[in-house]
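First up is the structure itself, then whatever we jot down about it.
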Amino acid sequence: MYPRQSQLKLLRLLQQFPAVGLLGPRQAGKTTLAFAQKEFYPNALYLDLELPSAQRQLDDPEAFLMAHAQQLVILDEVQRMPELFSILRGVIDQRRRMNQPSGQFLLLGSATGVLLQQSSESLAGRVAYVELPALQASEIFGTQASMADLNALWVRGGFPLSWLATSDADSMTWREVFITTYLEKDIPALGPRIPATTLRRLWTMLAHHQGELLDQSKLASALAISGQTVSRYIDLLCDLMLVRRLPAWHGNVGKRLIRSPKVYVRDSGLVHALLGLSNLDAVLGHPVAGSSWEGFVVEQLVNAAPNAQASFYRTSNGAEVDLVLTFRNQQRWVIEIKRSSAPTVSRGFHQAAVDLGAVRKLLVAPVEQTYPMKEHIEVVDVLTAVRWVTEQDQSLSLIHISEPTRQA
């Protein structure tokens with residue numbers, strides 16, 4: 001198992017809250033990470049709510065859960081039984097009175113909207129959340145990696161079974177099956193009646209326009225559906241943590257700001273699978289290469305700073321920066337992303353940095369070592385940028401993560 005950035009935070013929150021929600025797309029490693037908690041909670045009980053046998057055990061959920069009152073109960077795919085949330089509140093309070101204030105439930109979910117809505121209504125003040133994205137470069141490689149390794153991760157994406165496939169062809173096959181399964185099985189199981197062919201076309205169009213401003217009317221026209229329907233479909237893909245809407249930065253800088261969000265397919269491997277790009281040569285020869293690399297780096301940096309606000313900045317007169325991270329102390333870092341090994345920045349980047357009052361300016365590119373440019377810009381590789389962003393975010397975090405103690 002790769003060490004996950006979320007693991008220590010998950011364990012720490014289990015010691016502080018009765019319930020913790022572990023959110024992430026399917027096949028990102030949630031179940032593997034949940035089973036890893038048995039090192040600290042050896043009597044933990046695991047139930048996969050997709051299985052009829054597990055659902056039958058919960059015919060009388062209150063009685064069943066109270067019968068296991070001294071155990072951590074792990075409920076996988078908990079959005080399959082939304083009626084559980086109202087019962088969990090009472091069970092948590094009963095177990096609190098039995099001197100078990102924390103570490104009662106670990107809720108795993110791949111449809112974040114359902115889970116967040118249900119838990120916020122029923123478990124307010126009783127639940128904390130941890131997001132588990134697909135594997136990140138820092139989790140696989142640590143602090144250093146060759147460009148060949150980073151390229152391989154970029155092409156295949158971070159889903160564990162895609163990354164660990166024995167060949168690029170096998171990885172591509174896995175991703176194609178993953179996409180088909182989501183469209184034909186997983187999404188219909190959540191309730192919405194959406195034609196799989198229409199949703200696949202939308203998903204593919206988003207891959208073609210990776211990192212561009214969201215233009216719902218253009219997408220709606222191409223798909224022959226309404227703009228509201230496009231918005232609803234994108235909401236669903238965001239809910240499943242397959243697509244990211246990166247909001248535009250907004251504030252009073254005396255400039256005409258672009259308000260539309262950017263849209264990224266979150267996993268670069270899925271971008272390439274949707275476009276039929278099975279290897280590095282195919283990716284580099286496609287017009288999407290630059291924006292796909294940008295999306296890959298954006299995901300690495302945003303996931304490295306979960307407590308920071310992520311956005312982009314663009315004005316009508318051309319001032320622009322790919323990623324703005326606003327940390328808890330309101331300091332802003334501006335980050336430009338280039339695929340070139342000899343990167344440069346535009347005049348608009350300098351203006352954006354001034355507009356935003358940036359305290360740090362990074363240019364992330366496939367370079368061998370860090371070096372400075374004029375105007376206090378630091379040129380860095382992906383993993384160095386991730387390390388710096390992580391250190392800044394953790395130094396300001398309200399949750400101080402340390403090694404937890406094992407449950408007796």
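Residues are named by chain letter and number: chains run A, B, ... in the order of the structure tokens, numbers start at 1 in each chain, and ligands are numbered from 1 in the order shown.
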For this session: Please report, as a count of residues only, each residue of segment 100-341 of chain A to which DSSP assigns strand (DSSP E) when run on this structure's backbone.
Result: 39
Exercise. Within 6 Å of segment 348-365 of chain A, counting only C-alpha atoms, which residues qualify if same-chain residues fewer than 3 places away don't, as a PyMOL selection string?
Worked result: chain A and resi 318-321+332-339+377-381
Any chance you can output those residues with N, CA and C atoms as a compact mmCIF listing (two decimals), in the first residue's frame?
# COMPACT_ATOMS: atom_id res chain seq x y z
N GLY A 318 -6.23 40.82 -19.99
CA GLY A 318 -5.16 39.85 -20.24
C GLY A 318 -4.31 39.46 -19.06
N ALA A 319 -4.50 40.05 -17.89
CA ALA A 319 -3.77 39.60 -16.70
C ALA A 319 -4.29 38.23 -16.30
N GLU A 320 -3.39 37.27 -16.09
CA GLU A 320 -3.87 35.90 -15.89
C GLU A 320 -2.84 35.09 -15.12
N VAL A 321 -3.34 34.19 -14.27
CA VAL A 321 -2.49 33.22 -13.59
C VAL A 321 -3.28 31.92 -13.48
N ARG A 332 -1.36 34.95 -0.40
CA ARG A 332 -1.67 34.33 -1.70
C ARG A 332 -0.38 33.95 -2.42
N TRP A 333 -0.40 32.74 -2.95
CA TRP A 333 0.65 32.28 -3.84
C TRP A 333 0.06 32.21 -5.25
N VAL A 334 0.78 32.70 -6.22
CA VAL A 334 0.33 32.60 -7.61
C VAL A 334 1.24 31.61 -8.33
N ILE A 335 0.63 30.76 -9.13
CA ILE A 335 1.36 29.64 -9.73
C ILE A 335 1.03 29.56 -11.21
N GLU A 336 2.05 29.61 -12.02
CA GLU A 336 1.91 29.43 -13.47
C GLU A 336 2.46 28.04 -13.82
N ILE A 337 1.82 27.37 -14.77
CA ILE A 337 2.18 26.00 -15.11
C ILE A 337 2.53 25.93 -16.59
N LYS A 338 3.72 25.40 -16.87
CA LYS A 338 4.18 25.27 -18.25
C LYS A 338 4.71 23.86 -18.48
N ARG A 339 4.51 23.36 -19.70
CA ARG A 339 5.04 22.06 -20.07
C ARG A 339 6.49 22.18 -20.57
N ILE A 377 10.43 35.35 -9.22
CA ILE A 377 9.73 34.13 -9.63
C ILE A 377 10.65 32.94 -9.42
N GLU A 378 10.14 31.87 -8.82
CA GLU A 378 10.91 30.64 -8.59
C GLU A 378 10.44 29.57 -9.56
N VAL A 379 11.34 29.03 -10.36
CA VAL A 379 11.03 27.96 -11.29
C VAL A 379 11.29 26.64 -10.58
N VAL A 380 10.27 25.80 -10.50
CA VAL A 380 10.37 24.57 -9.70
C VAL A 380 9.76 23.41 -10.46
N ASP A 381 10.15 22.19 -10.07
CA ASP A 381 9.50 20.99 -10.59
C ASP A 381 8.23 20.71 -9.79
Do you know which residues are at most 9 Å from segment 106-109 of chain A counting only C-alpha atoms, after dropping those on the same chain fewer than 4 positions away, and could you put them as an mmCIF file with N, CA, C and O atoms, in the first residue's frame?
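Written file, part-v9.cif:
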data_model
loop_
_atom_site.group_PDB
_atom_site.id
_atom_site.type_symbol
_atom_site.label_atom_id
_atom_site.label_comp_id
_atom_site.auth_asym_id
_atom_site.auth_seq_id
_atom_site.Cartn_x
_atom_site.Cartn_y
_atom_site.Cartn_z
ATOM 1 N N LEU A 14 -10.548 10.457 13.643
ATOM 2 C CA LEU A 14 -11.271 9.363 14.301
ATOM 3 C C LEU A 14 -11.124 9.437 15.815
ATOM 4 O O LEU A 14 -11.982 8.944 16.545
ATOM 5 N N PRO A 18 -17.066 11.378 16.515
ATOM 6 C CA PRO A 18 -17.759 10.085 16.481
ATOM 7 C C PRO A 18 -17.790 9.456 15.093
ATOM 8 O O PRO A 18 -17.740 8.227 14.963
ATOM 9 N N ALA A 19 -17.905 10.286 14.056
ATOM 10 C CA ALA A 19 -17.985 9.767 12.694
ATOM 11 C C ALA A 19 -17.047 10.572 11.804
ATOM 12 O O ALA A 19 -16.895 11.782 11.966
ATOM 13 N N VAL A 20 -16.422 9.878 10.867
ATOM 14 C CA VAL A 20 -15.560 10.514 9.875
ATOM 15 C C VAL A 20 -15.989 10.010 8.501
ATOM 16 O O VAL A 20 -16.183 8.805 8.302
ATOM 17 N N GLY A 21 -16.184 10.955 7.574
ATOM 18 C CA GLY A 21 -16.527 10.596 6.207
ATOM 19 C C GLY A 21 -15.284 10.630 5.337
ATOM 20 O O GLY A 21 -14.580 11.640 5.284
ATOM 21 N N LEU A 22 -14.994 9.520 4.681
ATOM 22 C CA LEU A 22 -13.868 9.427 3.748
ATOM 23 C C LEU A 22 -14.441 9.497 2.338
ATOM 24 O O LEU A 22 -15.135 8.579 1.891
ATOM 25 N N LEU A 23 -14.170 10.595 1.652
ATOM 26 C CA LEU A 23 -14.790 10.884 0.364
ATOM 27 C C LEU A 23 -13.783 10.708 -0.756
ATOM 28 O O LEU A 23 -12.642 11.170 -0.656
ATOM 29 N N GLY A 24 -14.196 10.076 -1.819
ATOM 30 C CA GLY A 24 -13.306 9.917 -2.962
ATOM 31 C C GLY A 24 -13.992 9.157 -4.072
ATOM 32 O O GLY A 24 -14.997 8.475 -3.841
ATOM 33 N N PRO A 25 -13.479 9.264 -5.299
ATOM 34 C CA PRO A 25 -14.082 8.525 -6.405
ATOM 35 C C PRO A 25 -13.887 7.029 -6.241
ATOM 36 O O PRO A 25 -13.040 6.573 -5.453
ATOM 37 N N ARG A 26 -14.651 6.275 -6.971
ATOM 38 C CA ARG A 26 -14.480 4.822 -6.953
ATOM 39 C C ARG A 26 -13.069 4.449 -7.387
ATOM 40 O O ARG A 26 -12.467 5.102 -8.218
ATOM 41 N N LYS A 30 -10.206 3.972 -1.221
ATOM 42 C CA LYS A 30 -10.883 4.222 0.060
ATOM 43 C C LYS A 30 -10.968 2.955 0.905
ATOM 44 O O LYS A 30 -10.694 2.983 2.109
ATOM 45 N N THR A 31 -11.360 1.853 0.291
ATOM 46 C CA THR A 31 -11.508 0.601 1.046
ATOM 47 C C THR A 31 -10.169 0.122 1.571
ATOM 48 O O THR A 31 -10.053 -0.327 2.721
ATOM 49 N N ALA A 34 -9.347 2.199 4.469
ATOM 50 C CA ALA A 34 -10.210 1.854 5.604
ATOM 51 C C ALA A 34 -9.707 0.593 6.307
ATOM 52 O O ALA A 34 -9.650 0.533 7.544
ATOM 53 N N LEU A 72 -15.324 0.149 16.029
ATOM 54 C CA LEU A 72 -15.408 1.068 14.900
ATOM 55 C C LEU A 72 -16.138 0.343 13.780
ATOM 56 O O LEU A 72 -15.746 -0.752 13.374
ATOM 57 N N VAL A 73 -17.209 0.940 13.291
ATOM 58 C CA VAL A 73 -17.988 0.344 12.206
ATOM 59 C C VAL A 73 -17.682 1.106 10.920
ATOM 60 O O VAL A 73 -17.867 2.326 10.849
ATOM 61 N N ILE A 74 -17.195 0.374 9.924
ATOM 62 C CA ILE A 74 -16.852 0.966 8.626
ATOM 63 C C ILE A 74 -17.975 0.655 7.652
ATOM 64 O O ILE A 74 -18.271 -0.516 7.383
ATOM 65 N N LEU A 75 -18.636 1.699 7.147
ATOM 66 C CA LEU A 75 -19.751 1.541 6.218
ATOM 67 C C LEU A 75 -19.306 2.030 4.845
ATOM 68 O O LEU A 75 -19.133 3.233 4.630
ATOM 69 N N ASP A 76 -19.103 1.088 3.930
ATOM 70 C CA ASP A 76 -18.614 1.407 2.584
ATOM 71 C C ASP A 76 -19.794 1.673 1.652
ATOM 72 O O ASP A 76 -20.815 1.000 1.729
ATOM 73 N N GLU A 77 -19.611 2.672 0.756
ATOM 74 C CA GLU A 77 -20.662 3.099 -0.178
ATOM 75 C C GLU A 77 -21.943 3.439 0.590
ATOM 76 O O GLU A 77 -23.049 2.992 0.260
ATOM 77 N N VAL A 78 -21.785 4.250 1.617
ATOM 78 C CA VAL A 78 -22.883 4.536 2.537
ATOM 79 C C VAL A 78 -24.008 5.305 1.854
ATOM 80 O O VAL A 78 -25.165 5.286 2.318
ATOM 81 N N GLN A 79 -23.719 5.975 0.709
ATOM 82 C CA GLN A 79 -24.788 6.693 0.011
ATOM 83 C C GLN A 79 -25.852 5.750 -0.555
ATOM 84 O O GLN A 79 -26.930 6.189 -0.946
ATOM 85 N N ARG A 80 -25.561 4.431 -0.574
ATOM 86 C CA ARG A 80 -26.556 3.465 -1.041
ATOM 87 C C ARG A 80 -27.734 3.342 -0.078
ATOM 88 O O ARG A 80 -28.811 2.898 -0.467
ATOM 89 N N VAL A 114 -24.477 13.388 -2.046
ATOM 90 C CA VAL A 114 -25.432 12.632 -1.235
ATOM 91 C C VAL A 114 -24.940 12.541 0.198
ATOM 92 O O VAL A 114 -25.676 12.781 1.156
ATOM 93 N N LEU A 115 -23.671 12.183 0.358
ATOM 94 C CA LEU A 115 -23.126 11.987 1.695
ATOM 95 C C LEU A 115 -23.096 13.282 2.484
ATOM 96 O O LEU A 115 -23.491 13.335 3.648
#
Using only C-alpha atoms, I'd like a table of the residues in segment 279-383 of chain A that come within 10 Å of segment 156-170 of chain A; for each, show the closest atom pair and its distance in Å rounded to one decimal, ordered by chain and ascending number, as a Markdown table.
| residue | atom | partner | partner_atom | distance |
| --- | --- | --- | --- | --- |
| A:Asn279 | CA | A:Asp168 | CA | 6.2 |
| A:Leu280 | CA | A:Asp168 | CA | 9.1 |
| A:Phe296 | CA | A:Gly157 | CA | 8.4 |
Restricting the output to all heavy atoms, write the selected residues as a PDB file, in the first residue's frame.
ATOM      1  N   ASN A 279      -0.572   6.283 -24.969  1.00  0.00           N
ATOM      2  CA  ASN A 279       0.827   6.331 -24.535  1.00  0.00           C
ATOM      3  C   ASN A 279       1.355   7.754 -24.623  1.00  0.00           C
ATOM      4  O   ASN A 279       0.658   8.661 -25.094  1.00  0.00           O
ATOM      5  CB  ASN A 279       1.685   5.365 -25.362  1.00  0.00           C
ATOM      6  CG  ASN A 279       1.569   5.632 -26.856  1.00  0.00           C
ATOM      7  OD1 ASN A 279       1.710   6.765 -27.312  1.00  0.00           O
ATOM      8  ND2 ASN A 279       1.300   4.576 -27.632  1.00  0.00           N
ATOM      9  N   LEU A 280       2.589   7.925 -24.177  1.00  0.00           N
ATOM     10  CA  LEU A 280       3.159   9.267 -24.086  1.00  0.00           C
ATOM     11  C   LEU A 280       3.265   9.926 -25.455  1.00  0.00           C
ATOM     12  O   LEU A 280       2.966  11.119 -25.598  1.00  0.00           O
ATOM     13  CB  LEU A 280       4.536   9.201 -23.422  1.00  0.00           C
ATOM     14  CG  LEU A 280       5.279  10.535 -23.250  1.00  0.00           C
ATOM     15  CD1 LEU A 280       4.470  11.497 -22.390  1.00  0.00           C
ATOM     16  CD2 LEU A 280       6.660  10.302 -22.650  1.00  0.00           C
ATOM     17  N   PHE A 296      -3.079  18.173 -14.618  1.00  0.00           N
ATOM     18  CA  PHE A 296      -2.345  17.232 -13.773  1.00  0.00           C
ATOM     19  C   PHE A 296      -1.659  17.970 -12.625  1.00  0.00           C
ATOM     20  O   PHE A 296      -1.765  17.572 -11.456  1.00  0.00           O
ATOM     21  CB  PHE A 296      -1.319  16.492 -14.638  1.00  0.00           C
ATOM     22  CG  PHE A 296      -0.346  15.631 -13.884  1.00  0.00           C
ATOM     23  CD1 PHE A 296      -0.744  14.413 -13.353  1.00  0.00           C
ATOM     24  CD2 PHE A 296       0.979  16.034 -13.712  1.00  0.00           C
ATOM     25  CE1 PHE A 296       0.164  13.602 -12.662  1.00  0.00           C
ATOM     26  CE2 PHE A 296       1.884  15.243 -13.029  1.00  0.00           C
ATOM     27  CZ  PHE A 296       1.486  14.030 -12.496  1.00  0.00           C
TER      28      PHE A 296
END
Exercise. Quick one: residues within 12 Å of Pro61 of chain A, only C-alpha atoms counted, chain neighbours fewer than 2 positions away excluded, as a list in words?
Worked result: Ala54, Gln55, Arg56, Gln57, Leu58, Asp59, Ala63, Phe64, Leu65, Met66, Ala67, His68, Val73, Leu75, Met81, Glu83, Leu84, Phe85, Ser86, Ile87, Leu88, Arg89, Gly90 and Val91 of chain A
For this session: Tell me which protein, DNA and RNA residues are within 8 Å of segment 283-293 of chain A, counting only C-alpha atoms, leaving out same-chain ones fewer than 3 positions away, and put them as a count of residues only.
Result: 17
For this session: Enumerate as a VMD selection string all residues of segment 227-334 of chain A assigned to alpha helix (DSSP H) by DSSP on the backbone, naming them with the chain letters and numbers the document uses.
Result: chain A and resid 227 to 239 268 to 274 280 to 284 289 to 304
Report as a tab-separated table the residues of segment 121-165 of chain A within 12 Å of segment 231-247 of chain A, each with its shortest atom pair and distance in Å (one decimal), using only C-alpha atoms, ordered by chain and increasing residue number.
residue	atom	partner	partner_atom	distance
A:Glu131	CA	A:Met241	CA	9.8
A:Leu132	CA	A:Met241	CA	9.8
A:Pro133	CA	A:Met241	CA	8.1
A:Ala134	CA	A:Met241	CA	9.9
A:Phe159	CA	A:Leu242	CA	11.4
For this session: Work out how far apart atom CA of Arg201 of chain A and atom CA of Leu275 of chain A are and give it in Å to one decimal.
Result: 10.8 Å
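A straight line drawn from atom CA of Ala196 of chain A to atom CA of Thr181 of chain A is 10.1 Å long.
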For this session: Please provide as a ChimeraX atom specification all residues within 12 Å of Thr180 of chain A, with the sequence filter that same-chain residues fewer than 6 positions apart are discarded (counting only C-alpha atoms).
Result: /A:173-174,186-188,196-197,199-200,203,270,273-274
